[in-house]
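Engineer: Dropping in final_21.txt, which is compact mmCIF, C-alpha atoms:
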# COMPACT_ATOMS: atom_id res chain seq x y z
CA MET A 1 49.16 71.23 17.10
CA SER A 2 49.37 69.96 20.70
CA ASN A 3 49.28 66.27 21.63
CA ARG A 4 45.75 66.62 22.95
CA ASN A 5 44.49 68.10 19.69
CA GLU A 6 46.28 65.37 17.74
CA GLN A 7 44.59 62.79 19.92
CA ILE A 8 41.16 64.39 19.38
CA LYS A 9 41.70 64.45 15.63
CA ARG A 10 42.76 60.80 15.60
CA LEU A 11 39.72 59.80 17.67
CA TYR A 12 37.45 61.79 15.39
CA LEU A 13 38.76 60.46 12.09
CA GLN A 14 38.79 56.90 13.40
CA HIS A 15 35.21 56.87 14.67
CA VAL A 16 33.27 59.62 12.91
CA ASP A 17 31.75 57.30 10.29
CA MET A 18 30.62 54.80 12.89
CA VAL A 19 29.06 57.53 15.10
CA PHE A 20 27.35 59.06 12.07
CA ARG A 21 25.99 55.66 10.99
CA ILE A 22 24.57 54.95 14.46
CA CYS A 23 23.02 58.42 14.64
CA PHE A 24 21.53 58.12 11.17
CA LEU A 25 20.18 54.66 11.89
CA PHE A 26 18.28 55.95 14.92
CA LEU A 27 17.45 59.54 14.01
CA LYS A 28 16.76 58.86 10.30
CA ASN A 29 17.83 62.31 9.30
CA GLU A 30 21.17 63.60 8.00
CA ALA A 31 21.02 66.96 9.82
CA ASP A 32 20.10 65.37 13.17
CA ALA A 33 22.81 62.76 12.68
CA LYS A 34 25.40 65.51 12.09
CA ASP A 35 24.24 67.31 15.24
CA GLY A 36 24.58 63.99 17.03
CA VAL A 37 28.16 63.55 15.82
CA GLN A 38 29.00 67.05 17.06
CA ASP A 39 27.42 66.56 20.49
CA ILE A 40 28.93 63.12 21.03
CA PHE A 41 32.48 64.23 20.16
CA VAL A 42 32.15 67.39 22.29
CA LYS A 43 31.12 65.12 25.17
CA LEU A 44 34.08 62.85 24.44
CA ILE A 45 36.48 65.82 24.51
CA GLU A 46 34.98 67.24 27.70
CA LYS A 47 35.07 63.95 29.59
CA ASP A 48 38.77 63.43 28.75
CA ILE A 49 38.60 59.72 29.55
CA GLU A 50 41.70 57.55 29.77
CA PHE A 51 40.86 54.54 27.61
CA THR A 52 42.61 51.30 28.45
CA SER A 53 42.55 49.98 24.87
CA ASP A 54 41.22 50.72 21.39
CA GLU A 55 38.37 48.31 22.02
CA HIS A 56 37.47 50.09 25.23
CA GLU A 57 37.50 53.40 23.36
CA LYS A 58 35.26 52.06 20.58
CA ALA A 59 32.82 50.41 23.00
CA TRP A 60 32.54 53.64 25.01
CA ILE A 61 31.79 55.70 21.90
CA ILE A 62 29.18 53.17 20.71
CA ARG A 63 27.45 53.18 24.06
CA VAL A 64 27.43 56.98 24.32
CA SER A 65 26.15 57.28 20.72
CA ILE A 66 23.29 54.84 21.24
CA ASN A 67 22.31 56.47 24.54
CA TYR A 68 22.44 59.91 22.92
CA CYS A 69 20.14 58.80 20.10
CA LYS A 70 17.67 57.17 22.47
CA ASP A 71 17.60 60.38 24.54
CA GLN A 72 16.92 62.39 21.41
CA LEU A 73 14.12 60.05 20.35
CA ARG A 74 12.47 60.45 23.75
CA LYS A 75 12.09 64.16 23.10
CA VAL A 76 8.59 65.10 21.96
CA TRP A 77 9.82 66.88 18.85
CA ASN A 78 11.68 63.81 17.57
CA LYS A 79 8.78 61.47 18.34
CA ARG A 80 6.86 63.18 15.58
CA LYS A 81 9.52 62.47 12.94
CA SER A 82 8.94 59.07 11.44
CA ASP A 83 9.50 59.41 7.69
CA ILE A 84 12.10 57.31 5.94
CA PRO A 85 14.79 59.62 4.53
CA ASN A 86 15.61 59.87 0.86
CA LEU A 87 18.74 57.68 0.74
CA GLU A 88 19.50 58.54 -2.85
CA GLU A 89 19.46 62.24 -2.12
CA PHE A 90 21.64 61.96 1.00
CA PHE A 91 24.13 59.26 0.07
CA GLY A 92 23.64 58.64 -3.64
CA ILE A 93 22.28 55.12 -3.00
CA ASN A 94 20.33 54.48 -6.21
CA ASN A 95 20.33 50.68 -6.11
CA HIS A 96 16.74 49.66 -5.31
CA HIS A 97 17.80 46.56 -3.37
CA ASP A 98 20.17 48.55 -1.08
CA GLN A 99 17.55 51.21 -0.59
CA TYR A 100 14.95 48.65 0.43
CA LEU A 101 17.37 46.85 2.75
CA LEU A 102 18.35 50.03 4.54
CA SER A 103 14.82 51.40 4.77
CA CYS A 104 13.71 48.09 6.37
CA ILE A 105 16.41 48.49 9.00
CA LEU A 106 15.57 52.17 9.52
CA GLN A 107 11.95 51.20 10.09
CA LEU A 108 12.80 48.62 12.76
CA PRO A 109 11.74 49.52 16.30
CA THR A 110 14.56 51.30 18.18
CA LYS A 111 15.40 48.38 20.47
CA TYR A 112 16.19 46.10 17.49
CA LYS A 113 18.30 48.54 15.50
CA ASP A 114 21.34 48.58 17.76
CA ILE A 115 21.63 44.80 18.02
CA ILE A 116 21.35 44.39 14.23
CA TYR A 117 23.97 47.08 13.63
CA LEU A 118 26.42 45.93 16.27
CA HIS A 119 26.10 42.23 15.49
CA TYR A 120 26.01 42.24 11.71
CA TYR A 121 27.93 45.36 10.82
CA GLU A 122 30.47 45.87 13.60
CA GLY A 123 30.79 42.11 14.10
CA TYR A 124 30.37 42.07 17.87
CA THR A 125 29.24 38.84 19.54
CA ILE A 126 26.14 38.78 21.73
CA GLU A 127 28.36 38.62 24.85
CA GLU A 128 30.34 41.69 23.73
CA ILE A 129 27.16 43.64 22.99
CA SER A 130 25.84 42.57 26.38
CA LYS A 131 28.86 44.20 28.04
CA ILE A 132 28.69 47.36 25.91
CA GLN A 133 24.99 47.93 26.44
CA ASN A 134 24.67 46.42 29.90
CA ILE A 135 21.77 44.23 28.76
CA SER A 136 21.56 40.48 29.48
CA SER A 137 22.62 38.07 26.73
CA SER A 138 19.30 36.23 26.73
CA THR A 139 17.38 39.48 26.15
CA LEU A 140 19.74 40.36 23.31
CA ARG A 141 19.34 36.89 21.73
CA SER A 142 15.56 37.16 21.75
CA ARG A 143 15.75 40.70 20.33
CA LEU A 144 18.09 39.53 17.58
CA SER A 145 15.81 36.66 16.54
CA LYS A 146 12.77 38.96 16.63
CA ALA A 147 14.60 41.57 14.50
CA LYS A 148 15.64 38.88 12.01
CA TYR A 149 12.07 37.63 11.85
CA ILE A 150 10.72 41.14 11.12
CA LEU A 151 13.35 41.72 8.43
CA LYS A 152 12.75 38.30 6.85
CA GLU A 153 9.02 38.96 6.64
CA ARG A 154 9.61 42.31 4.99
CA PHE A 155 12.10 40.92 2.47
CA GLU A 156 9.72 38.12 1.52
CA LYS A 157 6.92 40.61 1.07
CA GLU A 158 9.16 42.70 -1.20
CA GLU A 159 10.22 39.65 -3.25
CA SER A 160 6.62 38.54 -3.79
CA TYR A 161 5.75 42.11 -4.77
CA GLU A 162 8.64 42.18 -7.31
CA ARG A 163 7.54 38.83 -8.78
CA VAL A 164 4.03 40.23 -9.38
CA MET B 165 24.27 39.88 5.61
CA ASN B 166 27.21 40.94 3.45
CA GLU B 167 24.67 42.90 1.41
CA TYR B 168 23.67 44.68 4.58
CA LYS B 169 27.31 45.53 5.34
CA GLU B 170 27.82 46.91 1.87
CA ALA B 171 24.65 48.97 2.07
CA MET B 172 25.59 50.33 5.50
CA LEU B 173 29.04 51.33 4.21
CA LYS B 174 27.33 53.76 1.90
CA ILE B 175 25.95 55.69 4.86
CA LYS B 176 28.85 57.99 5.60
CA LEU B 177 29.84 61.61 5.71
CA SER B 178 31.63 63.24 2.80
CA ASP B 179 35.23 64.32 3.49
CA ASN B 180 34.16 67.94 3.30
CA ASP B 181 31.38 67.42 5.88
CA LYS B 182 33.83 65.61 8.15
CA TYR B 183 36.21 68.58 8.23
CA ILE B 184 33.41 71.13 8.69
CA LEU B 185 32.06 69.10 11.61
CA PHE B 186 35.53 68.74 13.14
CA ASP B 187 36.01 72.53 13.02
CA GLN B 188 32.63 73.01 14.71
CA ILE B 189 33.53 70.53 17.45
CA VAL B 190 36.90 72.19 18.16
CA ASN B 191 35.34 75.70 18.11
CA HIS B 192 32.57 74.55 20.43
CA LYS B 193 35.22 73.40 22.87
CA GLN B 194 37.02 76.78 22.73
CA LYS B 195 33.73 78.71 23.15
CA LYS B 196 32.85 76.55 26.12
CA ASN B 197 36.24 77.28 27.73
CA SER B 198 35.82 81.06 27.34
CA PHE B 199 32.28 80.80 28.71
CA LYS B 200 33.69 79.02 31.77
CA VAL B 201 36.11 81.90 32.35
CA VAL B 202 33.27 84.48 32.00
CA LYS B 203 31.13 82.50 34.47
CA ARG B 204 33.97 82.35 37.01
CA VAL B 205 34.67 86.10 36.72
CA ALA B 206 30.93 86.94 37.08
CA PHE B 207 30.64 84.67 40.13
CA THR B 208 33.70 86.26 41.76
CA LEU B 209 32.33 89.77 41.12
CA LEU B 210 28.98 88.75 42.59
CA ILE B 211 30.63 87.45 45.76
CA ILE B 212 32.72 90.63 46.10
CA GLY B 213 29.57 92.75 45.50
CA CYS B 214 27.65 90.87 48.19
CA MET B 215 30.48 91.24 50.71
CA VAL B 216 30.87 94.97 50.03
CA SER B 217 27.12 95.58 50.30
CA ILE B 218 26.96 93.70 53.61
CA LEU B 219 29.84 95.77 54.98
CA ASN B 220 28.47 99.05 53.63
CA PRO B 221 24.63 99.30 53.37
CA ASN B 222 24.88 102.64 51.51
CA ILE B 223 26.35 100.86 48.52
CA LEU B 224 23.36 98.51 48.48
CA ALA B 225 20.98 101.50 48.54
CA GLU B 226 22.90 103.13 45.67
CA ALA B 227 22.81 99.89 43.70
CA LYS B 228 19.05 99.66 44.24
CA GLU B 229 18.67 103.23 43.03
CA ALA B 230 20.76 102.50 39.95
CA VAL B 231 18.63 99.46 39.13
CA LYS B 232 15.46 101.51 39.63
CA GLN B 233 16.79 104.22 37.32
CA PHE B 234 17.79 101.68 34.73
CA PHE B 235 14.36 100.07 34.60
CA PHE B 236 12.04 102.98 35.35
CA GLY B 237 13.92 106.09 34.22
CA PRO B 238 15.32 109.01 36.22
CA THR B 239 14.30 109.64 39.83
CA ASP B 240 14.44 112.76 42.00
CA GLN B 241 16.25 113.20 45.34
CA ASN B 242 13.55 111.29 47.21
CA GLY B 243 13.69 108.37 44.82
CA GLU B 244 10.44 109.42 43.12
CA ILE B 245 10.21 108.46 39.49
CA LEU B 246 10.25 111.48 37.21
CA ASN B 247 9.52 109.72 33.97
CA SER B 248 7.07 106.89 34.34
CA ASP B 249 6.63 106.20 30.63
CA ARG B 250 8.87 103.19 30.67
CA ALA B 251 6.89 100.96 32.99
CA SER B 252 4.12 100.98 35.51
CA TYR B 253 5.69 100.94 38.92
CA THR B 254 4.61 99.65 42.26
CA ASP B 255 6.98 100.56 45.02
CA ILE B 256 6.88 98.21 47.95
CA SER B 257 9.49 99.57 50.29
CA ASP B 258 11.51 97.58 52.79
CA ASP B 259 10.44 100.17 55.38
CA PHE B 260 6.73 99.46 55.34
CA PRO B 261 4.54 101.37 57.76
CA LYS B 262 3.61 99.35 60.79
CA GLU B 263 0.29 98.05 59.46
CA PHE B 264 2.03 96.50 56.43
CA ASN B 265 5.27 95.39 57.97
CA GLU B 266 4.67 91.73 57.40
CA TYR B 267 3.53 92.11 53.84
CA ALA B 268 6.27 92.11 51.27
CA THR B 269 4.60 90.59 48.23
CA MET B 270 1.69 91.92 46.19
CA GLU B 271 -0.35 88.87 47.13
CA LYS B 272 0.20 89.49 50.83
CA LEU B 273 -0.40 93.21 50.40
CA GLU B 274 -3.74 92.38 48.84
CA THR B 275 -4.57 90.17 51.84
CA ALA B 276 -3.52 92.99 54.12
CA LEU B 277 -5.80 95.44 52.36
CA HIS B 278 -8.74 93.10 52.78
CA GLN B 279 -7.91 92.63 56.42
CA SER B 280 -7.28 96.31 57.01
CA TYR B 281 -9.88 98.13 54.97
CA LEU B 282 -12.22 96.03 52.91
CA LYS B 283 -14.86 93.95 54.59
CA PRO B 284 -16.13 91.95 51.63
CA LYS B 285 -13.43 90.11 49.65
CA LEU B 286 -13.54 92.44 46.66
CA PRO B 287 -11.24 91.89 43.68
CA LEU B 288 -8.46 94.49 43.47
CA SER B 289 -7.15 95.51 40.09
CA SER B 290 -4.14 97.61 41.09
CA ILE B 291 -2.28 98.56 44.22
CA LEU B 292 0.18 101.41 44.52
CA TYR B 293 2.08 101.91 47.73
CA LYS B 294 4.32 104.97 47.92
CA PRO B 295 6.24 106.00 51.01
CA PHE B 296 7.57 109.57 51.24
CA VAL B 297 11.00 109.31 52.77
CA GLU B 298 13.32 111.95 54.12
CA ASN B 299 16.66 111.12 55.75
CA ASN B 300 15.70 107.45 55.64
CA ILE B 301 12.59 108.10 57.74
CA ILE B 302 9.12 107.53 56.36
CA LEU B 303 7.20 110.74 56.92
CA SER B 304 4.06 109.61 55.21
CA TYR B 305 2.77 107.08 52.76
CA SER B 306 0.01 106.90 50.25
CA LEU B 307 -1.85 103.76 49.36
CA THR B 308 -3.99 103.62 46.26
CA PHE B 309 -5.94 100.63 45.13
CA THR B 310 -8.88 99.91 42.93
CA SER B 311 -11.58 97.39 43.52
CA THR B 312 -13.28 96.02 40.44
CA ASN B 313 -16.54 94.76 39.01
CA GLY B 314 -17.86 92.32 41.57
CA HIS B 315 -18.29 95.25 43.87
CA LYS B 316 -20.85 96.91 41.66
CA ILE B 317 -22.92 93.76 41.47
CA ASP B 318 -22.83 93.47 45.26
CA LEU B 319 -23.90 97.08 45.49
CA VAL B 320 -26.79 96.51 43.13
CA LYS B 321 -27.88 93.60 45.30
CA MET B 322 -27.58 95.71 48.41
CA PHE B 323 -29.67 98.47 46.99
CA GLU B 324 -32.05 96.37 44.94
CA ASN B 325 -35.00 97.48 47.02
CA GLU B 326 -34.07 101.13 46.93
CA LEU B 327 -33.03 101.56 43.30
CA THR B 328 -35.46 101.82 40.48
CA ALA B 329 -35.30 99.32 37.64
CA GLU B 330 -33.99 102.12 35.43
CA GLN B 331 -31.11 102.86 37.82
CA ILE B 332 -30.15 99.19 38.11
CA LYS B 333 -30.12 98.89 34.34
CA LEU B 334 -27.88 101.94 34.14
CA ILE B 335 -25.44 100.50 36.65
CA GLN B 336 -25.24 97.12 34.98
CA SER B 337 -24.97 98.34 31.39
CA PRO B 338 -21.36 97.77 30.34
CA ASP B 339 -21.44 100.45 27.62
CA HIS B 340 -22.35 103.37 29.83
CA PRO B 341 -19.37 105.25 31.28
CA GLU B 342 -21.14 105.61 34.61
CA THR B 343 -21.17 101.88 34.98
CA THR B 344 -17.39 101.67 35.32
CA SER B 345 -17.69 100.02 38.65
CA ASN B 346 -14.16 100.65 39.88
CA ILE B 347 -13.93 102.26 43.26
CA ASN B 348 -10.62 104.03 43.81
CA PHE B 349 -9.29 104.12 47.33
CA HIS B 350 -6.57 106.57 48.18
CA ILE B 351 -5.31 106.46 51.73
CA THR B 352 -2.59 108.74 53.10
CA GLY B 353 -0.95 108.08 56.42
CA TYR B 354 1.44 110.27 58.39
CA SER B 355 4.06 108.92 60.76
CA ASN B 356 4.84 110.54 64.11
CA ALA B 357 8.14 111.70 62.63
CA SER B 358 6.30 113.98 60.22
CA ASN B 359 4.71 116.01 63.06
CA VAL B 360 1.60 116.18 60.92
CA SER B 361 -1.72 114.89 62.10
CA GLY B 362 -4.33 113.67 59.66
CA GLU B 363 -6.99 115.22 61.86
CA ASN B 364 -5.64 118.67 61.00
CA ILE B 365 -5.67 118.23 57.28
CA ASN B 366 -8.45 119.53 55.15
CA ALA B 367 -9.23 116.43 53.15
CA MET B 368 -11.62 118.10 50.79
CA GLY B 369 -10.15 119.45 47.59
CA ASP B 370 -11.49 121.99 45.18
CA ALA B 371 -14.88 120.40 44.75
CA ILE B 372 -18.57 120.95 44.35
CA ARG B 373 -19.93 120.10 47.75
CA ILE B 374 -23.09 118.18 47.58
CA GLU B 375 -23.55 116.41 50.88
CA GLU B 376 -22.26 116.21 54.40
CA TYR B 377 -23.15 113.45 56.82
CA THR B 378 -21.94 112.03 60.10
CA SER B 379 -20.96 108.40 59.96
CA SER B 380 -22.29 106.30 62.81
CA THR B 381 -19.39 103.84 62.45
CA LEU B 382 -16.64 106.42 62.31
CA ASN B 383 -18.31 109.02 64.42
CA THR B 384 -16.90 111.65 62.14
CA LYS B 385 -18.09 114.14 59.58
CA ILE B 386 -17.83 112.97 55.97
CA ILE B 387 -18.10 115.16 52.93
CA ILE B 388 -19.35 113.64 49.72
CA TYR B 389 -19.14 115.57 46.47
CA LYS B 390 -19.26 115.14 42.74
CA LEU B 391 -16.75 116.35 40.17
CA LYS B 392 -17.47 116.71 36.50
CA GLN B 393 -14.93 114.89 34.31
CA MET B 394 -13.57 116.00 30.93
CA ASP B 395 -15.92 113.60 29.18
CA GLY B 396 -18.95 115.13 30.90
CA THR B 397 -19.49 112.26 33.36
CA TYR B 398 -19.52 112.75 37.14
CA VAL B 399 -17.32 110.98 39.68
CA THR B 400 -18.41 110.86 43.29
CA TYR B 401 -15.74 111.48 45.93
CA ALA B 402 -15.72 110.94 49.68
CA ASN B 403 -12.94 112.42 51.77
CA PHE B 404 -12.53 111.93 55.48
CA THR B 405 -9.92 111.39 58.16
CA LYS B 406 -9.72 108.65 60.74
CA ASP B 407 -6.87 107.87 63.15
CA ASN B 408 -4.37 110.12 61.40
CA LEU B 409 -5.20 108.61 58.02
CA ILE B 410 -6.73 110.51 55.15
CA TYR B 411 -9.15 108.50 53.07
CA SER B 412 -10.22 109.51 49.59
CA LEU B 413 -12.68 107.19 47.85
CA SER B 414 -13.95 107.81 44.36
CA GLY B 415 -15.87 106.08 41.62
CA TYR B 416 -18.78 106.14 39.25
CA VAL B 417 -21.23 105.47 42.04
CA ASP B 418 -23.87 107.53 43.78
CA SER B 419 -23.42 108.94 47.27
CA ASN B 420 -25.52 106.19 48.87
CA GLU B 421 -23.24 103.51 47.46
CA LEU B 422 -20.17 105.36 48.63
CA LYS B 423 -21.66 105.74 52.10
CA GLN B 424 -22.35 102.00 52.18
CA ILE B 425 -18.71 101.26 51.34
CA ILE B 426 -17.46 103.67 54.01
CA GLU B 427 -19.71 102.08 56.61
CA THR B 428 -18.60 98.54 55.73
CA MET B 429 -14.85 99.17 55.58
CA TYR B 430 -12.53 98.04 58.36
CA TYR B 431 -10.68 100.76 60.23
For this file, write the structure as structure tokens.

Structural biologist:
Amino acid sequence: MSNRNEQIKRLYLQHVDMVFRICFLFLKNEADAKDGVQDIFVKLIEKDIEFTSDEHEKAWIIRVSINYCKDQLRKVWNKRKSDIPNLEEFFGINNHHDQYLLSCILQLPTKYKDIIYLHYYEGYTIEEISKIQNISSSTLRSRLSKAKYILKERFEKEESYERV
Amino acid sequence: MNEYKEAMLKIKLSDNDKYILFDQIVNHKQKKNSFKVVKRVAFTLLIIGCMVSILNPNILAEAKEAVKQFFFGPTDQNGEILNSDRASYTDISDDFPKEFNEYATMEKLETALHQSYLKPKLPLSSILYKPFVENNIILSYSLTFTSTNGHKIDLVKMFENELTAEQIKLIQSPDHPETTSNINFHITGYSNASNVSGENINAMGDAIRIEEYTSSTLNTKIIIYKLKQMDGTYVTYANFTKDNLIYSLSGYVDSNELKQIIETMYY
């Protein structure tokens, strides 16, 4: 296998789960998320970008993935899809609490999903996300607090429902 | 938020899916590369084809003929289509006769017909232009077009005072074959190169002669006749010549209507 192919394979294995997670979070469908993974990595291979560091590489892939998903969601066909996927069927998640947590995040409006994912899962700071997404820090802060508020409300609703 | 992290970790591809997807990505890249090569070769061939056709116009004519044969079936020596089952065909030649030189599209041809022959703006359902070429010279051409329904209504209006209520009803009834209000125009023109003059041609075919009149507009003798069709209905024909052009008009109309059309056409 040539060096280039080795490099592609390394890139793929290193980032495929993250790309899939981002795609699934936005597109809410396993098949669409897989298509997304394919398209994003094909784009990555075609562009043949020289990354300055691993962080640069990761940030580029995150940005391309989020932009790809938003483009897909703008398409009329995808606007009609709004159901929450069956998480147990796709990923074997049978724990009710995990299912509820994930479905709350999947139901968040698109603009709040990326900040929640990048901040709480990937561990990026607001300033880092600001650079990746080219959005001002203050906008991101207000989006983060709004997203947290929505999630908190939903969790409380679920807890009161469970108590009853 | 640790719970969230743990839950998110569960969203992942199986190892099997990962390898299938990787294969698809690599194959997509290879397919794309071969497609690029095909595109480059096709583009190069196109450029070479254009250059050759510019340098040698005969090759362009042969290519046109090949395309025509491919789409419309075999043609004879004059480029006439022998088997027209494959598609209806309207031949608009590059070498239009002088009155249609400017008109290359069907839309413009329609405009030209209105300007050249038809006084009222009647709807046209089909136009067939056929030049007869020999040694790259147009000897003659035939122009056939059909004007549709609106015409009949206009005619009824024109003759409202002269037709009986029964006749009007007959004309307007959509079920009766005689009410097919299409008027077929067939015009044949001869170029100087053909050494044939329209004035010398007997425009009347093998027909039952019913009427002969002299048009005040054309100042020429016009013969109007009826022919019985296979289905028992009668079609009225008018044949006449004017300025080296042979006109043949036909339709399910009576002779008065046909006369009216002849008198109102542009020449």

Engineer: Could you work out which residues of chain B fall inside 7 Å of chain A? Count all atoms listed in the file, and format the result as a VMD selection string.

Structural biologist: chain B and resid 165 168 to 169 171 174 to 177 185 189 193

Engineer: Emit as lines of an AutoDock Vina configuration file the padded axis-aligned box for all listed atoms of range 409-423 of chain B, 6 Å per side, with centre and edge lengths in Å to one decimal.

Structural biologist:
center_x = -15.4
center_y = 107.0
center_z = 48.6
size_x = 32.3
size_y = 19.0
size_z = 30.8

Engineer: Could you jot down the CA of Asn134 in chain A to CA of Asp54 in chain A separation for me, Å, one decimal place?

Structural biologist: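 If I compute the distance from CA of Asn134 in chain A to CA of Asp54 in chain A, I get 19.1 Å.
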
Engineer: Give me the residues within 10 Å of range 146-149 of chain A as a VMD selection string, counting all atoms listed in the file and dropping any in the same chain fewer than 5 places off.

Structural biologist: chain A and resid 105 108 to 109 111 to 113 115 to 116 140 to 141 154 to 155

Engineer: What gap, in Å, lies between CA of Ala59 in chain A and CA of Tyr124 in chain A?

Structural biologist: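 Value for the CA of Ala59 in chain A-CA of Tyr124 in chain A distance: 10.1 Å.
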
Engineer: What does the structure give for the distance between CA of Asp32 in chain A and CA of His15 in chain A, in Å to one decimal?

Structural biologist: 17.4 Å

Engineer: Up to 6 Å from (-16.6, 108.7, 38.1) in the file's coordinates: name the residues, counting all atoms listed in the file, as a ChimeraX atom specification.

Structural biologist: /B:398-400,415-416

Engineer: Create the file for the chosen residues now, containing C-alpha atoms and written as a PDB file, in the frame of the given file.

Structural biologist:
ATOM      1  CA  TYR B 398     -19.520 112.750  37.140  1.00  0.00           C
ATOM      2  CA  VAL B 399     -17.320 110.980  39.680  1.00  0.00           C
ATOM      3  CA  THR B 400     -18.410 110.860  43.290  1.00  0.00           C
ATOM      4  CA  GLY B 415     -15.870 106.080  41.620  1.00  0.00           C
ATOM      5  CA  TYR B 416     -18.780 106.140  39.250  1.00  0.00           C
TER       6      TYR B 416
END

Engineer: B:Thr405, B:Gly213, B:Thr384, B:Ile347: which is nearest Glu421 in chain B, counting all atoms listed in the file?

Structural biologist: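 Checking each of B:Thr405, B:Gly213, B:Thr384, B:Ile347 against Glu421 in chain B, counting all atoms listed in the file, the winner is B:Ile347.
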